[in-house]
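Note: the block below is input_5.cif and it holds mmCIF, N, CA and C atoms.
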data_work
loop_
_atom_site.group_PDB
_atom_site.id
_atom_site.type_symbol
_atom_site.label_atom_id
_atom_site.label_comp_id
_atom_site.auth_asym_id
_atom_site.auth_seq_id
_atom_site.Cartn_x
_atom_site.Cartn_y
_atom_site.Cartn_z
ATOM 1 N N MET U 58 -44.860 25.243 38.789
ATOM 2 C CA MET U 58 -43.436 25.105 38.556
ATOM 3 C C MET U 58 -42.864 26.472 38.261
ATOM 4 N N ARG U 59 -41.921 26.871 39.049
ATOM 5 C CA ARG U 59 -41.288 28.163 38.817
ATOM 6 C C ARG U 59 -40.146 27.988 37.835
ATOM 7 N N ILE U 60 -40.138 28.813 36.821
ATOM 8 C CA ILE U 60 -39.119 28.717 35.789
ATOM 9 C C ILE U 60 -38.057 29.790 35.991
ATOM 10 N N PHE U 61 -38.507 31.007 36.125
ATOM 11 C CA PHE U 61 -37.582 32.139 36.197
ATOM 12 C C PHE U 61 -37.247 32.549 37.625
ATOM 13 N N HIS U 62 -38.072 32.197 38.571
ATOM 14 C CA HIS U 62 -37.888 32.663 39.937
ATOM 15 C C HIS U 62 -37.528 31.551 40.907
ATOM 16 N N ASP U 63 -37.190 30.388 40.406
ATOM 17 C CA ASP U 63 -36.892 29.256 41.267
ATOM 18 C C ASP U 63 -35.596 29.449 42.049
ATOM 19 N N HIS U 64 -34.716 30.283 41.555
ATOM 20 C CA HIS U 64 -33.440 30.485 42.238
ATOM 21 C C HIS U 64 -33.559 31.408 43.447
ATOM 22 N N PHE U 65 -34.686 32.085 43.611
ATOM 23 C CA PHE U 65 -34.879 32.926 44.786
ATOM 24 C C PHE U 65 -35.140 32.037 45.997
ATOM 25 N N ASP U 66 -34.583 32.403 47.117
ATOM 26 C CA ASP U 66 -34.827 31.587 48.311
ATOM 27 C C ASP U 66 -36.182 31.948 48.926
ATOM 28 N N ASP U 67 -36.549 31.224 49.956
ATOM 29 C CA ASP U 67 -37.849 31.425 50.584
ATOM 30 C C ASP U 67 -37.958 32.770 51.294
ATOM 31 N N ALA U 68 -36.850 33.444 51.499
ATOM 32 C CA ALA U 68 -36.873 34.749 52.160
ATOM 33 C C ALA U 68 -37.243 35.876 51.192
ATOM 34 N N TRP U 69 -37.348 35.565 49.896
ATOM 35 C CA TRP U 69 -37.697 36.588 48.911
ATOM 36 C C TRP U 69 -39.104 37.083 49.219
ATOM 37 N N ALA U 70 -39.218 38.349 49.529
ATOM 38 C CA ALA U 70 -40.510 38.930 49.902
ATOM 39 C C ALA U 70 -40.752 40.187 49.080
ATOM 40 N N PRO U 71 -41.155 40.019 47.819
ATOM 41 C CA PRO U 71 -41.364 41.191 46.969
ATOM 42 C C PRO U 71 -42.617 41.951 47.384
ATOM 43 N N ASP U 72 -42.685 43.202 46.954
ATOM 44 C CA ASP U 72 -43.913 43.949 47.210
ATOM 45 C C ASP U 72 -45.021 43.332 46.353
ATOM 46 N N PRO U 73 -46.279 43.612 46.648
ATOM 47 C CA PRO U 73 -47.386 42.965 45.929
ATOM 48 C C PRO U 73 -47.338 43.140 44.412
ATOM 49 N N ALA U 74 -46.918 44.281 43.932
ATOM 50 C CA ALA U 74 -46.851 44.501 42.476
ATOM 51 C C ALA U 74 -45.772 43.622 41.838
ATOM 52 N N ALA U 75 -44.624 43.506 42.495
ATOM 53 C CA ALA U 75 -43.544 42.665 41.958
ATOM 54 C C ALA U 75 -43.934 41.194 42.000
ATOM 55 N N ARG U 76 -44.624 40.784 43.045
ATOM 56 C CA ARG U 76 -45.093 39.400 43.139
ATOM 57 C C ARG U 76 -46.101 39.097 42.039
ATOM 58 N N ALA U 77 -47.025 40.008 41.792
ATOM 59 C CA ALA U 77 -48.021 39.813 40.733
ATOM 60 C C ALA U 77 -47.345 39.734 39.369
ATOM 61 N N ALA U 78 -46.339 40.576 39.143
ATOM 62 C CA ALA U 78 -45.616 40.556 37.870
ATOM 63 C C ALA U 78 -44.865 39.236 37.692
ATOM 64 N N ALA U 79 -44.263 38.736 38.773
ATOM 65 C CA ALA U 79 -43.541 37.460 38.709
ATOM 66 C C ALA U 79 -44.494 36.314 38.387
ATOM 67 N N LEU U 80 -45.652 36.284 39.040
ATOM 68 C CA LEU U 80 -46.628 35.234 38.761
ATOM 69 C C LEU U 80 -47.162 35.316 37.337
ATOM 70 N N GLU U 81 -47.385 36.518 36.851
ATOM 71 C CA GLU U 81 -47.865 36.706 35.481
ATOM 72 C C GLU U 81 -46.840 36.171 34.481
ATOM 73 N N LEU U 82 -45.573 36.462 34.718
ATOM 74 C CA LEU U 82 -44.513 35.973 33.836
ATOM 75 C C LEU U 82 -44.456 34.449 33.849
ATOM 76 N N GLU U 83 -44.543 33.842 35.035
ATOM 77 C CA GLU U 83 -44.514 32.386 35.131
ATOM 78 C C GLU U 83 -45.699 31.761 34.390
ATOM 79 N N TRP U 84 -46.905 32.310 34.570
ATOM 80 C CA TRP U 84 -48.091 31.778 33.880
ATOM 81 C C TRP U 84 -47.951 31.911 32.372
ATOM 82 N N ALA U 85 -47.460 33.053 31.905
ATOM 83 C CA ALA U 85 -47.313 33.263 30.464
ATOM 84 C C ALA U 85 -46.308 32.271 29.872
ATOM 85 N N ALA U 86 -45.209 32.062 30.552
ATOM 86 C CA ALA U 86 -44.185 31.137 30.049
ATOM 87 C C ALA U 86 -44.666 29.690 30.063
ATOM 88 N N SER U 87 -45.516 29.351 31.020
ATOM 89 C CA SER U 87 -45.946 27.957 31.140
ATOM 90 C C SER U 87 -46.808 27.490 29.973
ATOM 91 N N SER U 88 -47.281 28.409 29.161
ATOM 92 C CA SER U 88 -48.111 28.018 28.014
ATOM 93 C C SER U 88 -47.341 28.041 26.700
ATOM 94 N N ARG U 89 -46.041 28.263 26.768
ATOM 95 C CA ARG U 89 -45.221 28.358 25.556
ATOM 96 C C ARG U 89 -44.060 27.368 25.603
ATOM 97 N N SER U 90 -43.695 26.853 24.437
ATOM 98 C CA SER U 90 -42.492 26.020 24.333
ATOM 99 C C SER U 90 -41.279 26.929 24.468
ATOM 100 N N PRO U 91 -40.226 26.494 25.033
ATOM 101 C CA PRO U 91 -39.937 25.159 25.542
ATOM 102 C C PRO U 91 -40.377 24.969 26.990
ATOM 103 N N TYR U 92 -40.865 26.031 27.632
ATOM 104 C CA TYR U 92 -41.205 25.949 29.056
ATOM 105 C C TYR U 92 -42.378 25.008 29.310
ATOM 106 N N ARG U 93 -43.374 25.040 28.435
ATOM 107 C CA ARG U 93 -44.527 24.144 28.569
ATOM 108 C C ARG U 93 -44.065 22.691 28.531
ATOM 109 N N ASP U 94 -43.079 22.404 27.721
ATOM 110 C CA ASP U 94 -42.599 21.038 27.550
ATOM 111 C C ASP U 94 -41.837 20.514 28.769
ATOM 112 N N MET U 95 -41.462 21.387 29.672
ATOM 113 C CA MET U 95 -40.744 20.950 30.869
ATOM 114 C C MET U 95 -41.696 20.462 31.958
ATOM 115 N N GLY U 96 -42.998 20.518 31.729
ATOM 116 C CA GLY U 96 -43.972 20.117 32.728
ATOM 117 C C GLY U 96 -43.805 18.688 33.202
ATOM 118 N N HIS U 97 -43.336 17.814 32.342
ATOM 119 C CA HIS U 97 -43.159 16.419 32.751
ATOM 120 C C HIS U 97 -41.985 16.259 33.713
ATOM 121 N N LEU U 98 -41.213 17.299 33.892
ATOM 122 C CA LEU U 98 -40.073 17.235 34.797
ATOM 123 C C LEU U 98 -40.445 17.625 36.228
ATOM 124 N N MET U 99 -41.674 18.056 36.437
ATOM 125 C CA MET U 99 -42.085 18.520 37.753
ATOM 126 C C MET U 99 -42.304 17.338 38.696
ATOM 127 N N HIS U 100 -41.863 17.495 39.926
ATOM 128 C CA HIS U 100 -41.994 16.458 40.943
ATOM 129 C C HIS U 100 -42.763 17.025 42.133
ATOM 130 N N THR U 101 -43.412 16.154 42.844
ATOM 131 C CA THR U 101 -44.098 16.543 44.067
ATOM 132 C C THR U 101 -43.429 15.851 45.240
ATOM 133 N N LEU U 102 -43.140 16.617 46.256
ATOM 134 C CA LEU U 102 -42.552 16.070 47.464
ATOM 135 C C LEU U 102 -43.551 16.228 48.598
ATOM 136 N N ALA U 103 -43.636 15.229 49.434
ATOM 137 C CA ALA U 103 -44.542 15.284 50.575
ATOM 138 C C ALA U 103 -43.834 14.751 51.804
ATOM 139 N N ARG U 104 -44.334 15.133 52.939
ATOM 140 C CA ARG U 104 -43.756 14.675 54.190
ATOM 141 C C ARG U 104 -44.890 14.305 55.136
ATOM 142 N N TRP U 105 -44.722 13.181 55.828
ATOM 143 C CA TRP U 105 -45.707 12.790 56.822
ATOM 144 C C TRP U 105 -45.650 13.789 57.970
ATOM 145 N N PRO U 106 -46.787 14.102 58.577
ATOM 146 C CA PRO U 106 -46.747 14.994 59.737
ATOM 147 C C PRO U 106 -45.969 14.333 60.874
ATOM 148 N N GLU U 107 -45.284 15.157 61.638
ATOM 149 C CA GLU U 107 -44.531 14.619 62.761
ATOM 150 C C GLU U 107 -45.475 14.077 63.811
ATOM 151 N N ARG U 108 -45.114 12.929 64.345
ATOM 152 C CA ARG U 108 -45.939 12.330 65.388
ATOM 153 C C ARG U 108 -45.565 12.909 66.744
ATOM 154 N N SER U 109 -46.544 13.049 67.567
ATOM 155 C CA SER U 109 -46.318 13.542 68.928
ATOM 156 C C SER U 109 -45.564 12.476 69.718
ATOM 157 N N ARG U 110 -44.579 12.888 70.471
ATOM 158 C CA ARG U 110 -43.786 11.949 71.276
ATOM 159 C C ARG U 110 -44.148 12.046 72.758
ATOM 160 N N SER U 111 -45.316 12.552 73.041
ATOM 161 C CA SER U 111 -45.679 12.700 74.454
ATOM 162 C C SER U 111 -46.323 11.469 75.022
#

Translate this file's structure into structure tokens.
Amino acid sequence: MRIFHDHFDDAWAPDPAARAAALELEWAASSRSPYRDMGHLMHTLARWPERSRS
């Protein structure tokens, strides 16, 4: 669950150091209140694979 970086769109392509720093921040926050307590708000979305129409 992204807490601080969820507002970035999928085109966000940081350099490797910035990406590592972002992941480190997310992991650190996930073990502390109030961020840890938001875990029950996480949802999983799935999609069936598209069927071939041939």

Taking all atoms of region 77-82 of chain U that the file lists, what box with edges along x, y and z, padded by 3 Å per side, do you get, with centre and edge lengths in Å to one decimal, as lines of an AutoDock Vina configuration file?
center_x = -45.8
center_y = 37.5
center_z = 37.8
size_x = 10.5
size_y = 12.1
size_z = 14.0

Interatomic distance, atom C of Arg93 (chain U) to CA of Phe61 (chain U) (Å, one decimal):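 For atom C of Arg93 (chain U) relative to CA of Phe61 (chain U), the distance reads 13.8 Å.
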
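Between CA of Ser87 (chain U) and CA of Thr101 (chain U) the separation is 17.3 Å.
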